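Structure first, commentary second.
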Amino acid sequence: MSKLHVETSINGEAVEFLCEPQQSLLEVLREELDRTGTKEGCGTGDCGACSVLMDGRLVCSCLVLAAETSGHEITTIEGIAQGDGLHPIQQAYLDNAALQCGICTPGLVVATKALLDKNPNPDEETIRYWIAGNLCRCTGYDKIVRAIQDAAGRLAHPA
Amino acid sequence: MAEAHDFRVVGTRPVRPDGADKVTGRAQYGADMNLPNMIYGKVLRSPHAHALIKSIDASKALAMDGVYAVITGDDFPTVGGGALGGEGGGSMDGLAQNIMARGKVRYHGHAVAAVAAKSLSVADAALAAIEVEYEKLEVVLDVLKAMEPDAVLIDENCFTSGLPEKPEKPSNVAGVMTLARGDLDEGFAQADVIIENEHVLPMAHQGYIEPHACTASVNEEGFATVWASSQGHFELRGQVATLTGKGISQVKFVPLEIGGGFGGKTKVYLEPLAVMLSEKSGRPVKMMMTREEVFRATGPTSGTVARVKVGAKNDGTITAAQLWLAMEAGGFSGAPHMPAAMAVFAPYDLENFKVETFDVLVNKPAVAAYRAPGAPQSMHAMEVALNELAITLNMDPIDLRMKNAADEGTQAPYGPKFPVIGFKQCLEAAKKHPNYTKPVPEGAGRGVAAGFWFNIGQQSSAEVHINDDGTVQVVEGSPDIGGSRASMCIMAAETLGVPYEAVRTIIGDTESTGFCNVTGGSRTTFATGLAVVRACEDVIASCKARAAATWGVDEDQVEWQDGQAVPAPGVNADVKPLKLADLAAKAHKTGGPIMGKASLNAQGAGASFAVNIVDLGIDRDTGKVDVLSYTAIQDAGIAIHPSYVEGQYQGGAVQGIGWALNEEYIFNADGVMENAGFLDYRIPVASDLPMIDTQIIEVPNPSHPFGVRGVGETGIVAPLAACTNAARDALGFLVRDLPLSPPRVLAAIDQQGA
């Protein structure tokens with residue numbers, strides 16, 4: 001099977017790769033490009049563990065064909081922290097003990113970034129519906145919702 | 001309440017040491033290990049739920065470009081029986097046949113062959129090229145039919161265990177457990193009121209978000225290295241060694257971060273296959289399950305049929321209680337019928353009771369441990385019956401439980417007398433809780449139920465190394481599923497008298513630390529924590545000896561206070577205290593590096609009791625059930641890191657809510673699961689839920705230096721009955737079976753109205 005040549009941008013960096021036509025962005029990120037921070041929980045768009053931003057929009061990378069990313073900008077969990085420490089969203093997850101096993105956390109952090117970029121001051125119901133596509137089996141979501149509320153406050157009022 | 005004790009570090013809420021790696025994507029989970037020259041393994045699974053394998057022809061697959069190996073059951077050694085460890089039931093022989101069928105498939109999705117190929121797409125094509133000839137057999141799905149004497153046999157060598165004598169004929173009943181005390185007939189004769197119910201609960205899955213995955217590499221001397229996430233790499237190393245015919249020292253198991261387990265990652269599926277494929281191909285092999293494979297071919301927990309009968313006097317005193325419980329094992333024995341039997345009446349002080357539970361083969365996936373295995377199913381029946389009793393007697397349901405509650409000295413139904421326990425404290429807290437004293441919202445219903453889990457001790461090892469700047473390195477072997485590294489750091493810091501930030505904890509692989517049993521049974525903070533504390537005490541003993549030698553005094557003239565060696569009161573020594581860092585800097589002059597170690601089989605695990613309160617709203621037009629508020633009250637002993645204790649209560653509650661309201665394996669008549677994905681097997685999402693209120697009760701366990709009981713499992717037990725009881729309150733009648741999904745609730749409403 002001949003491979004496709006794709007030029008895209010991942011976390012602000014120009015990236016090119018070869019992929020099979022049926023390969024998902026998730027599979028290429030994880031198995032070809034060593035960006036294993038993005039997790040696979042289902043492969044069918046039901047769990048959100050593979051959440052990434054495509055041109056700023058929240059998508060499940062298991063539902064995006066790798067070849068479709070040509071000419072687009074992808075942000076993964078590896079691109080959330082900006083080199084000078086954790087992003088306030090990440091710090092809020094830690095301070096609120098909003099992770100247990102942590103497998104859903106990269107997807108949730110990305111989803112939180114997408115939410116707060118769009119709506120800096122969401123109420124609890126908005127938060128709960130926004131992250132309804134990100135399954136967490138460990139926490140019961142309580143501490144995740146609180147972390148997102150905390151992160152919104154931190155971003156509105158930087159220390 | 002949780003934070004009102006005298007500890008310096010215990011009870012605080014620091015950031016976990018593995019946190020930064022887990023919020024940035026750096027942490028490596030089961031599927032994240034990529035090695036040079038690596039290829040991919042995939043499993044061919046049975047399309048039939050019950051069939052004989054007549055032949056397997058893999059020649060076309062092996063001839064394909066990029067296919068490096070094919071394995072079937074013929075490639076694996078036959079192993080003997082022998083019980084599996086951990087909290088799951090079953091035998092090593094059953095596990096061997098479960099990971100790769102030997103001549104017969106026992107459920108849809110059972111592994112039949114596996115391939116290793118250069119890419120996932122080539123591996124998929126190779127699977128499609130393997131030709132398997134099956135002879136279909138009658139499928140046995142219903143647990144009650146499976147128990148009938150003339151039922152089709154799933155295993156012709158299955159003879160019921162747990163009977164006084166081995167039965168003459170095989171059956172699908174793999175095991176029976178009976179527990180009894182007193183005179184049941186006399187007890188029911190004394191009762192003023194008797195409640196009887198039958199409940200059917202379907203199979204449910206742990207639903208960890210990380211599918212099973214591993215990478216294995218076998219070198220030319222047959223030495224295997226396995227990188228995988230699991231709940232216990234030492235026990236899984238043993239399983240891999242046995243199932244592949246290697247010695248334990250021929251297998252190294254490197255624990256990767258685990259993305260949830262809840263009991264389901266206490267036994268192997270892919271690991272022995274990856275080892276065999278690597279051995280055959282000479283290449284590292286990575287294997288990853290799809291979500292569909294996780295549902296079809298890993299171990300959920302048993303579907304059950306429960307028959308319960310409880311009698312009481314008008315004042316609420318229970319005079320007799322009886323449970324009959326049939327539990328689906330799936331294709332291989334191993335239903336948690338023993339803990340189900342032992343747990344069901346544990347919260348209560350009963351004179352007369354009888355419990356019979358059954359481990360029954362059916363053509364469904366072989367079950368695995370799931371958080372407090374067996375207790376949610378058995379205690380659902382009892383806790384619903386108690387609610388019916390309270391309604392009949394016009395008693396408060398908490399008062400009814402208090403009247404019969406077990407306490408210190410009560411003889412547990414499973415034998416021993418309880419040491420100090422916190423059930424009554426949980427009941428008292430529930431009675432006073434604002435979520436119980438507030439009015440029930442209009443049209444809604446409120447339910448209460450109790451939960452219980454034994455908790456276990458088992459074996460753990462730990463070493464503590466003091467770096468030459470006085471910082472502390474803890475090495476232990478219990479996978480960290482929910483923040484246990486933080487708990488170990490806290491307990492080490494508390495014991496040594498150093499700041500939390502001075503301690504790091506790592507989970508060693510099987511070649512770099514001592515044996516630890518699985519992270520299961522709510523044992524890690526208790527038992528591995530105990531090993532860490534003992535290892536720190538070993539460090540302190542060494543430090544005191546070194547200080548004594550430095551000062552020229554006897555060892556018993558030195559004490560350890562606030563992280564430093566000081567002269568004991570009354571000792572006339574004109575010396576400055578020696579901090580851990582001072583001693584570490586001079587260690588090369590006082591005998592070499594400072595380290596402590598401990599290995600133990602922890603005794604005295606403390607049972608953890610719970611009481612939950614839930615308010616449910618029910619839409620009578622659609623049958624949809626909404627959780628309006630939820631309160632989890634549970635005894636932690638002492639909470640080492642209260643945030644992660646709360647997290648266990650909240651997560652357990654929501655898993656139980658999912659089981660109560662939505663989750664179920666739906667099989668068609670051929671035994672094919674029809675909802676093998678997260679879209680149709682619907683676990684709770686954030687918008688389904690309110691905040692989950694928690695209250696940590698602290699009745700310390702005297703068998704742990706800080707009073708730890710273990711909190712991981714109890715939390716899932718109460719929600720099933722609490723939700724059923726709340727729905728009963730809202731609807732005015734009882735819906736006995738689970739889940740309380742819209743179709744079932746709507747049908748019950750329609751039937752009631754008809």
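Naming scheme: A, B, ... for chains in displayed order of the structure tokens; residues 1 onward per chain; ligands 1 onward as shown.
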Would you mind listing, as a PyMOL selection string, all residues of chain B that have at least one atom within 8 Å of chain A, where only C-alpha atoms are what counts?
chain B and resi 14-16+19-20+22-29+32+34+207-211+257-260+290-292+480-483+643-644+647-648+650-655+677-679+683-687+690-692
Requested write-out: C-alpha atoms of the selected residues, as a JSON list (two decimals), in the first residue's frame:
[["chain", "number", "residue", "atom", "x", "y", "z"],
["B", 14, "PRO", "CA", 0.35, 17.97, 48.84],
["B", 15, "VAL", "CA", 0.65, 17.65, 45.06],
["B", 16, "ARG", "CA", 1.43, 14.08, 44.02],
["B", 19, "GLY", "CA", 1.49, 14.60, 38.85],
["B", 20, "ALA", "CA", 3.48, 16.83, 36.51],
["B", 22, "LYS", "CA", 0.57, 12.93, 34.12],
["B", 23, "VAL", "CA", -0.81, 16.38, 33.22],
["B", 24, "THR", "CA", 1.73, 16.90, 30.45],
["B", 25, "GLY", "CA", 1.54, 13.54, 28.66],
["B", 26, "ARG", "CA", 5.04, 12.50, 29.70],
["B", 27, "ALA", "CA", 3.94, 9.58, 31.84],
["B", 28, "GLN", "CA", 4.24, 6.27, 30.01],
["B", 29, "TYR", "CA", 1.22, 3.96, 30.13],
["B", 32, "ASP", "CA", 3.29, 4.01, 25.22],
["B", 34, "ASN", "CA", 7.86, 1.88, 21.48],
["B", 207, "GLY", "CA", -14.58, 0.30, 32.39],
["B", 208, "TYR", "CA", -11.01, 1.49, 32.97],
["B", 209, "ILE", "CA", -10.23, 4.01, 30.24],
["B", 210, "GLU", "CA", -6.89, 2.43, 29.31],
["B", 211, "PRO", "CA", -7.30, -0.74, 27.21],
["B", 257, "GLU", "CA", 1.70, 3.69, 34.54],
["B", 258, "ILE", "CA", -1.73, 2.09, 34.80],
["B", 259, "GLY", "CA", -4.78, 3.78, 33.33],
["B", 260, "GLY", "CA", -7.30, 2.30, 35.72],
["B", 290, "THR", "CA", -9.30, -2.18, 21.13],
["B", 291, "ARG", "CA", -12.14, -1.07, 23.38],
["B", 292, "GLU", "CA", -14.34, -3.67, 21.73],
["B", 480, "ASP", "CA", 0.21, 3.57, 41.78],
["B", 481, "ILE", "CA", -3.33, 3.73, 40.43],
["B", 482, "GLY", "CA", -4.74, 6.64, 42.35],
["B", 483, "GLY", "CA", -2.02, 8.62, 44.07],
["B", 643, "SER", "CA", -8.01, 14.49, 48.73],
["B", 644, "TYR", "CA", -7.24, 11.05, 47.34],
["B", 647, "GLY", "CA", -11.41, 10.73, 45.31],
["B", 648, "GLN", "CA", -11.85, 7.04, 46.11],
["B", 650, "GLN", "CA", -16.37, 9.83, 44.75],
["B", 651, "GLY", "CA", -15.06, 7.47, 42.10],
["B", 652, "GLY", "CA", -16.51, 4.42, 43.84],
["B", 653, "ALA", "CA", -19.86, 6.14, 44.22],
["B", 654, "VAL", "CA", -20.01, 7.07, 40.54],
["B", 655, "GLN", "CA", -18.99, 3.59, 39.37],
["B", 677, "GLY", "CA", -18.41, 0.16, 23.06],
["B", 678, "PHE", "CA", -18.64, 3.24, 25.26],
["B", 679, "LEU", "CA", -21.48, 4.65, 23.18],
["B", 683, "ILE", "CA", -20.63, 4.75, 31.86],
["B", 684, "PRO", "CA", -21.46, 8.00, 33.69],
["B", 685, "VAL", "CA", -20.36, 11.26, 32.05],
["B", 686, "ALA", "CA", -19.89, 14.58, 33.80],
["B", 687, "SER", "CA", -23.27, 15.96, 32.77],
["B", 690, "PRO", "CA", -23.90, 16.48, 40.62],
["B", 691, "MET", "CA", -20.94, 17.07, 42.93],
["B", 692, "ILE", "CA", -20.39, 13.96, 45.08]]
Which neighbours of range 42-58 of chain B fall inside 8 Å, counting only C-alpha atoms, when residues of the same chain fewer than 2 positions from it are skipped, and could you give them as number ranges by chain? B: 40, 60-62, 70, 103-116, 120, 123-124, 127, 129-139, 154, 287-288, 363-364, 670-672
Give me, as a short mmCIF file (atom, residue, chain, number, x, y, z; two decimals) with C-alpha atoms, in the first residue's frame, all polymer residues having an atom no more than 12 Å from Gly12 in chain A, counting only C-alpha atoms and skipping those fewer than 2 positions away in the same chain.
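What follows is the written file out-v8.cif:
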data_model
loop_
_atom_site.label_atom_id
_atom_site.label_comp_id
_atom_site.auth_asym_id
_atom_site.auth_seq_id
_atom_site.Cartn_x
_atom_site.Cartn_y
_atom_site.Cartn_z
CA THR A 8 1.26 19.73 8.94
CA SER A 9 1.99 21.69 12.10
CA ILE A 10 2.09 20.09 15.53
CA ALA A 14 6.36 22.08 11.03
CA VAL A 15 6.08 18.30 10.80
CA LEU A 53 -7.03 20.87 19.02
CA MET A 54 -7.22 21.24 15.24
CA ASP A 55 -7.00 24.92 14.31
CA GLY A 56 -8.11 25.62 17.88
CA HIS A 72 -3.80 22.51 9.55
CA GLU A 73 -2.45 23.31 12.99
CA ILE A 74 -2.61 20.58 15.61
CA THR A 75 -2.13 21.17 19.32
CA THR A 76 -1.59 18.13 21.52
CA GLU A 78 2.64 18.12 24.71
CA GLY A 79 1.99 21.67 23.47
CA ILE A 80 -0.05 22.94 26.43
CA GLN A 82 4.85 26.60 27.43
#
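Distance annotation: of B:Val627, B:Val518, B:Ala607, B:Met395, the residue with the minimal separation from Pro347 in chain B is B:Ala607; atom set is only C-alpha atoms.
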For Ser229 in chain B, find every residue with an atom within 9 Å (counting only C-alpha atoms), except residues of its own chain fewer than 6 positions away, and show them as a list in words.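 Surrounding residues, per the criterion: Tyr29, Gly30, Ala31, His212, Ala213, Cys214, Val254, Pro255, Leu256, Glu257, Ile258, Gly259, Lys265 and Pro479 of chain B.
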- Close residues, Arg546 in chain B itself excluded, 10 Å, only C-alpha atoms, min 3 positions apart in chain, as number ranges by chain: B: 540-543, 549-552, 555, 558, 565, 578, 583, 586-587, 589-591, 594
Smallest atom-to-atom distance to Cys62 in chain A: which of A:Ala159, A:Leu116, A:Cys50, A:Leu4, using only C-alpha atoms?
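Closest to Cys62 in chain A of all the choices is A:Cys50.
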task = For Glu156 in chain B, please output as JSON, numbers by chain all residues within 12 Å (counting only C-alpha atoms; exclusion window: fewer than 5 positions along the same chain).
result = {"B": [104, 151, 169, 170, 171, 172, 173, 174, 332, 361]}
Give me a file of those residues, with N, CA and C atoms, as a CSV table (one decimal), in the first residue's frame.
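Contents of out_30.csv, freshly written:
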chain,number,residue,atom,x,y,z
B,104,LYS,N,-11.3,-25.6,22.3
B,104,LYS,CA,-12.7,-25.2,22.5
B,104,LYS,C,-12.8,-23.7,22.8
B,151,ALA,N,-28.2,-29.5,31.9
B,151,ALA,CA,-27.7,-28.4,31.1
B,151,ALA,C,-26.5,-28.8,30.2
B,169,LYS,N,-20.9,-36.4,39.1
B,169,LYS,CA,-21.0,-36.0,37.7
B,169,LYS,C,-20.5,-34.5,37.6
B,170,PRO,N,-19.9,-34.2,36.4
B,170,PRO,CA,-19.6,-32.8,36.2
B,170,PRO,C,-20.8,-31.9,36.0
B,171,SER,N,-20.7,-30.6,36.2
B,171,SER,CA,-21.8,-29.7,36.0
B,171,SER,C,-21.2,-28.3,35.7
B,172,ASN,N,-22.1,-27.4,35.5
B,172,ASN,CA,-21.6,-26.0,35.2
B,172,ASN,C,-21.4,-25.2,36.5
B,173,VAL,N,-21.8,-25.9,37.6
B,173,VAL,CA,-21.5,-25.2,38.9
B,173,VAL,C,-20.1,-25.5,39.4
B,174,ALA,N,-19.2,-24.5,39.3
B,174,ALA,CA,-17.8,-24.8,39.6
B,174,ALA,C,-17.6,-24.7,41.1
B,332,PHE,N,-14.9,-19.6,32.4
B,332,PHE,CA,-14.0,-20.3,33.3
B,332,PHE,C,-14.4,-19.9,34.7
B,361,LEU,N,-20.6,-21.6,35.5
B,361,LEU,CA,-20.1,-21.4,34.1
B,361,LEU,C,-21.2,-21.0,33.2
Per DSSP on the backbone, filter range 429-468 of chain B down to the residues in strand (DSSP E or B) and report them as a ChimeraX atom specification. /B:445-453,458-466
Excluding Ala450 in chain B and any residue of its chain fewer than 2 positions from it, enumerate the residues within 10 Å of it, using only C-alpha atoms, and give them as a list of chain:residue names.
B:Pro347, B:Met379, B:His380, B:Met382, B:Glu383, B:Ile398, B:Arg401, B:Phe423, B:Cys426, B:Leu427, B:Val448, B:Phe452, B:Phe609, B:Ala610, B:Val611, B:Asn612, B:Ile613, B:Ala632, B:Ile633, B:Gln634, B:Thr714, B:Gly715, B:Val717, B:Ala718, B:Pro719, B:Ala721, B:Ala722
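Reported to one decimal place, the separation of CA of Val143 in chain B from CA of Ala96 in chain B is 23.7 Å.
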* Best match for closeness to Asp469 in chain B among B:Ile657, B:Leu738, B:Ala584, B:Ile421, counting only C-alpha atoms ->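 Checking each candidate against Asp469 in chain B, we get B:Ala584 as the closest.
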Let's see if you can do this: from backbone DSSP, list all helix (DSSP H, G or I) residues in range 81-158 of chain A, as a ChimeraX atom specification. /A:88-95,105-118,124-133,142-156
Saved selection, atoms kept: N, CA and C atoms, as a compact mmCIF listing (two decimals), in the first residue's frame:
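In the end it all went to again-v4.txt:
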# COMPACT_ATOMS: atom_id res chain seq x y z
N PRO A 88 -1.49 27.03 33.71
CA PRO A 88 -2.36 27.15 34.89
C PRO A 88 -3.45 26.06 34.96
N ILE A 89 -3.91 25.59 33.81
CA ILE A 89 -4.89 24.49 33.82
C ILE A 89 -4.26 23.23 34.41
N GLN A 90 -3.05 22.94 33.99
CA GLN A 90 -2.36 21.74 34.50
C GLN A 90 -2.12 21.86 36.00
N GLN A 91 -1.69 23.05 36.41
CA GLN A 91 -1.44 23.26 37.84
C GLN A 91 -2.73 23.13 38.64
N ALA A 92 -3.83 23.59 38.09
CA ALA A 92 -5.12 23.49 38.78
C ALA A 92 -5.54 22.02 38.93
N TYR A 93 -5.30 21.21 37.90
CA TYR A 93 -5.60 19.78 38.02
C TYR A 93 -4.78 19.16 39.15
N LEU A 94 -3.50 19.52 39.24
CA LEU A 94 -2.66 18.94 40.30
C LEU A 94 -3.11 19.41 41.68
N ASP A 95 -3.34 20.72 41.82
CA ASP A 95 -3.66 21.27 43.13
C ASP A 95 -5.01 20.77 43.64
N THR A 105 -6.45 12.31 31.70
CA THR A 105 -6.06 13.67 32.03
C THR A 105 -5.55 14.47 30.83
N PRO A 106 -4.68 13.92 29.97
CA PRO A 106 -4.26 14.73 28.82
C PRO A 106 -5.44 15.23 27.98
N GLY A 107 -6.39 14.33 27.71
CA GLY A 107 -7.56 14.73 26.94
C GLY A 107 -8.39 15.77 27.66
N LEU A 108 -8.53 15.62 28.96
CA LEU A 108 -9.31 16.59 29.72
C LEU A 108 -8.62 17.95 29.80
N VAL A 109 -7.30 17.94 29.92
CA VAL A 109 -6.57 19.22 29.95
C VAL A 109 -6.76 19.94 28.62
N VAL A 110 -6.66 19.20 27.53
CA VAL A 110 -6.86 19.82 26.20
C VAL A 110 -8.30 20.32 26.07
N ALA A 111 -9.26 19.53 26.52
CA ALA A 111 -10.67 19.95 26.44
C ALA A 111 -10.92 21.19 27.30
N THR A 112 -10.27 21.24 28.46
CA THR A 112 -10.41 22.40 29.33
C THR A 112 -9.84 23.65 28.67
N LYS A 113 -8.70 23.48 28.01
CA LYS A 113 -8.09 24.62 27.30
C LYS A 113 -9.07 25.13 26.23
N ALA A 114 -9.65 24.20 25.48
CA ALA A 114 -10.59 24.61 24.43
C ALA A 114 -11.79 25.34 25.02
N LEU A 115 -12.28 24.86 26.16
CA LEU A 115 -13.43 25.51 26.81
C LEU A 115 -13.08 26.93 27.27
N LEU A 116 -11.97 27.04 28.00
CA LEU A 116 -11.65 28.33 28.60
C LEU A 116 -11.16 29.33 27.56
N ASP A 117 -10.63 28.85 26.44
CA ASP A 117 -10.30 29.77 25.34
C ASP A 117 -11.58 30.40 24.79
N LYS A 118 -12.65 29.65 24.82
CA LYS A 118 -13.91 30.06 24.21
C LYS A 118 -14.81 30.78 25.22
N GLU A 124 -21.03 25.76 36.32
CA GLU A 124 -20.82 24.32 36.52
C GLU A 124 -21.51 23.50 35.43
N GLU A 125 -22.73 23.89 35.09
CA GLU A 125 -23.47 23.11 34.09
C GLU A 125 -22.76 23.15 32.73
N THR A 126 -22.26 24.33 32.37
CA THR A 126 -21.53 24.45 31.11
C THR A 126 -20.30 23.56 31.12
N ILE A 127 -19.58 23.58 32.24
CA ILE A 127 -18.39 22.73 32.35
C ILE A 127 -18.78 21.26 32.19
N ARG A 128 -19.82 20.84 32.89
CA ARG A 128 -20.20 19.42 32.86
C ARG A 128 -20.62 18.98 31.45
N TYR A 129 -21.34 19.84 30.75
CA TYR A 129 -21.73 19.45 29.38
C TYR A 129 -20.54 19.52 28.43
N TRP A 130 -19.63 20.48 28.63
CA TRP A 130 -18.46 20.58 27.75
C TRP A 130 -17.58 19.33 27.85
N ILE A 131 -17.37 18.84 29.08
CA ILE A 131 -16.48 17.68 29.25
C ILE A 131 -17.25 16.35 29.24
N ALA A 132 -18.53 16.40 28.84
CA ALA A 132 -19.31 15.15 28.80
C ALA A 132 -18.74 14.17 27.78
N GLY A 133 -17.90 14.65 26.87
CA GLY A 133 -17.26 13.76 25.91
C GLY A 133 -15.93 13.22 26.38
N ASP A 142 -16.07 15.11 40.19
CA ASP A 142 -16.21 16.21 41.15
C ASP A 142 -14.96 17.10 41.16
N LYS A 143 -13.81 16.47 41.38
CA LYS A 143 -12.58 17.26 41.50
C LYS A 143 -12.13 17.83 40.15
N ILE A 144 -12.54 17.18 39.06
CA ILE A 144 -12.22 17.73 37.73
C ILE A 144 -13.00 19.02 37.50
N VAL A 145 -14.28 19.01 37.83
CA VAL A 145 -15.11 20.22 37.67
C VAL A 145 -14.53 21.35 38.52
N ARG A 146 -14.14 21.01 39.74
CA ARG A 146 -13.56 22.03 40.62
C ARG A 146 -12.23 22.55 40.07
N ALA A 147 -11.44 21.67 39.48
CA ALA A 147 -10.16 22.10 38.90
C ALA A 147 -10.40 23.06 37.75
N ILE A 148 -11.42 22.78 36.95
CA ILE A 148 -11.71 23.66 35.81
C ILE A 148 -12.18 25.02 36.31
N GLN A 149 -13.02 25.02 37.35
CA GLN A 149 -13.45 26.29 37.95
C GLN A 149 -12.25 27.06 38.48
N ASP A 150 -11.34 26.32 39.14
CA ASP A 150 -10.13 26.93 39.69
C ASP A 150 -9.26 27.48 38.57
N ALA A 151 -9.12 26.71 37.50
CA ALA A 151 -8.29 27.15 36.37
C ALA A 151 -8.85 28.42 35.74
N ALA A 152 -10.17 28.49 35.64
CA ALA A 152 -10.79 29.70 35.08
C ALA A 152 -10.43 30.91 35.92
N GLY A 153 -10.46 30.74 37.23
CA GLY A 153 -10.09 31.83 38.14
C GLY A 153 -8.63 32.23 38.00
N ARG A 154 -7.76 31.24 37.87
CA ARG A 154 -6.33 31.52 37.74
C ARG A 154 -6.03 32.27 36.44
N LEU A 155 -6.74 31.88 35.35
CA LEU A 155 -6.48 32.54 34.07
C LEU A 155 -7.04 33.95 34.07
N ALA A 156 -8.16 34.16 34.80
CA ALA A 156 -8.75 35.49 34.86
C ALA A 156 -7.92 36.42 35.75
One residue among B:Ala241, B:Leu731, B:Val193, B:Leu35 is nearest to Ala312 in chain B when using only C-alpha atoms, and that residue is B:Val193
One decimal place gives the CA of Pro21 in chain A-CA of Ser59 in chain B separation as 27.8 Å
*Enter the distance from CA of Ser70 in chain A to CA of Cys19 in chain A, in Å, rounded to one decimal.*
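Between these atoms lies a distance of 11.6 Å.
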